[in-house]
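Below is one structure; the comments refer to it alone.
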Amino acid sequence: IPMTLPSYPLTAQPITRLPDRWLNLIRAAWLAFGGLTAALFQNERSKYRVNSLDPAEPEQQLDGASRVRGLALGLAGQINDRWTIIANYTWLDSEILQSIAGNATVPTLDAQKGDPIALTPEHAFNVWTSYMVADTLMVGYGATYSGEYAFNRPTGSARLFHAPDYWVHNAAVTWTATDAVQVQFNLKNLTDEEYYTRIRSSNGFGWATPGDARS
């Protein structure tokens, strides 16, 4: 059946800023052997907004650049018929390559150049393992580690501050009464570790969200 599509007038709109551009280079050496996986990678980000240093051009400029090189390791499988494990580790080497606009006058200092990317932990690890104590009873244990990470430095003379690293331990007990009934008891943050997530800092002020307490 012939169809006639409605037509609408098109109005050209000027483009004042291009979107951020990401360049993801997954260069690797990807290895999968049994339950083991490993990958080396490099992610490059460019053309993101940074403050203009030219009073005549107050809008942000798309001159920012950064790079992350990393290693990801994974393990998943059964140690025996009753014991299973899942674990992951990530190492990230992040670096800011340019944090000022290209219109900066010489010799303007790029204060953040060479710093790690803010809020990017160098090390991260998590594991969960479970064991069938009996045909109807399973116990599990897990741990999560987040390494320290840096904040942005506002000036070249400012000190580079880091959020502290932390461990969180969890456990679970599962009882299977019938094929249709299962009861699970979860215990979060066994050691009642005090930690914070979503930490932010700007212009001398900071805020954060407390992590879950033991429950």
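Ordering of the structure tokens sets the chain letters (A, B, ...), residue numbers begin anew at 1 in every chain, and ligands are numbered from 1 in the order given.
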Taking 3 positions as the minimum chain separation for residues in the same chain, which residues sit within 9 Å of Gly156 in chain A when counting only C-alpha atoms? Answer as an mmCIF file with N, CA and C atoms, in the first residue's frame.
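This is the output file part-v9.cif:
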```cif
data_model
loop_
_atom_site.group_PDB
_atom_site.id
_atom_site.type_symbol
_atom_site.label_atom_id
_atom_site.label_comp_id
_atom_site.auth_asym_id
_atom_site.auth_seq_id
_atom_site.Cartn_x
_atom_site.Cartn_y
_atom_site.Cartn_z
ATOM 1 N N LEU A 109 50.561 27.653 33.628
ATOM 2 C CA LEU A 109 50.810 26.333 34.185
ATOM 3 C C LEU A 109 49.561 25.472 34.086
ATOM 4 N N ASP A 110 49.719 24.289 33.532
ATOM 5 C CA ASP A 110 48.632 23.299 33.513
ATOM 6 C C ASP A 110 48.717 22.529 34.827
ATOM 7 N N ALA A 111 47.953 22.971 35.822
ATOM 8 C CA ALA A 111 48.104 22.475 37.192
ATOM 9 C C ALA A 111 47.819 20.993 37.318
ATOM 10 N N GLN A 112 46.871 20.493 36.543
ATOM 11 C CA GLN A 112 46.451 19.100 36.706
ATOM 12 C C GLN A 112 47.165 18.130 35.755
ATOM 13 N N ARG A 153 43.066 19.045 41.667
ATOM 14 C CA ARG A 153 43.802 20.159 42.277
ATOM 15 C C ARG A 153 43.390 21.452 41.584
ATOM 16 N N ARG A 159 47.867 21.084 47.303
ATOM 17 C CA ARG A 159 48.231 19.708 47.626
ATOM 18 C C ARG A 159 47.241 18.745 46.973
#
```
Exercise. Skip Ala172 in chain A itself and residues of its chain fewer than 2 positions away, then list as a VMD selection string all residues within 10 Å of it, counting only C-alpha atoms.
Key: chain A and resid 130 138 to 142 170 174 184 to 188
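The residue that comes closest to Asn152 in chain A, out of A:Leu36, A:Ala213, A:Leu73, A:Leu119 and on the basis of only C-alpha atoms, is A:Leu119.
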Problem - Shell around range 51-64 of chain A at 6 Å using only C-alpha atoms, local window under 5 positions removed, as a PyMOL selection string - result: chain A and resi 46+98-99+101+104
Only C-alpha atoms, please: the residues just picked out, written as a PDB file, in the first residue's frame.
```pdb
ATOM      1  CA  SER A  46      39.755  13.910  24.253  1.00  0.00           C
ATOM      2  CA  GLN A  98      45.674  18.441  29.339  1.00  0.00           C
ATOM      3  CA  SER A  99      43.369  20.325  31.704  1.00  0.00           C
ATOM      4  CA  ALA A 101      42.340  25.459  27.148  1.00  0.00           C
ATOM      5  CA  ALA A 104      46.076  29.865  27.334  1.00  0.00           C
TER       6      ALA A 104
END
```
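For Gly77 in chain A, the non-local neighbours within 10 Å, defined as residues at least 6 positions apart in the same chain or in other chains and counting only C-alpha atoms, are A:Gly34, A:Gly35, A:Leu36, A:Trp83, A:Thr84, A:Ile85, A:Ile86, A:Ala87, A:Thr129.
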May I have the selected residues written with C-alpha atoms, as a compact mmCIF listing (two decimals), in the first residue's frame?
```
# COMPACT_ATOMS: atom_id res chain seq x y z
CA GLY A 34 38.97 -22.18 31.99
CA GLY A 35 37.46 -19.79 34.50
CA LEU A 36 40.30 -17.26 34.19
CA TRP A 83 32.59 -24.85 46.53
CA THR A 84 32.28 -21.99 43.99
CA ILE A 85 34.10 -18.68 43.66
CA ILE A 86 33.86 -15.46 41.63
CA ALA A 87 36.60 -12.82 41.85
CA THR A 129 32.64 -17.58 47.47
```
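CA of Ser215 in chain A lies 19.3 Å from CA of Trp175 in chain A.
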note - CA of Met132 in chain A and CA of Gln182 in chain A are separated by 14.2 Å
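Each of A:Glu95, A:Asp81, A:Glu44, A:Asp212 was checked against Asp135 in chain A using only C-alpha atoms; the smallest atom-to-atom distance is that of A:Asp81.
Straight-line separation from CA of Phe41 in chain A to CA of Asp165 in chain A: 23.7 Å.
Counting only C-alpha atoms, the residue from A:Thr90, A:Gln42, A:Thr178, A:Ser66 that sits nearest to Ser146 in chain A is A:Thr90.
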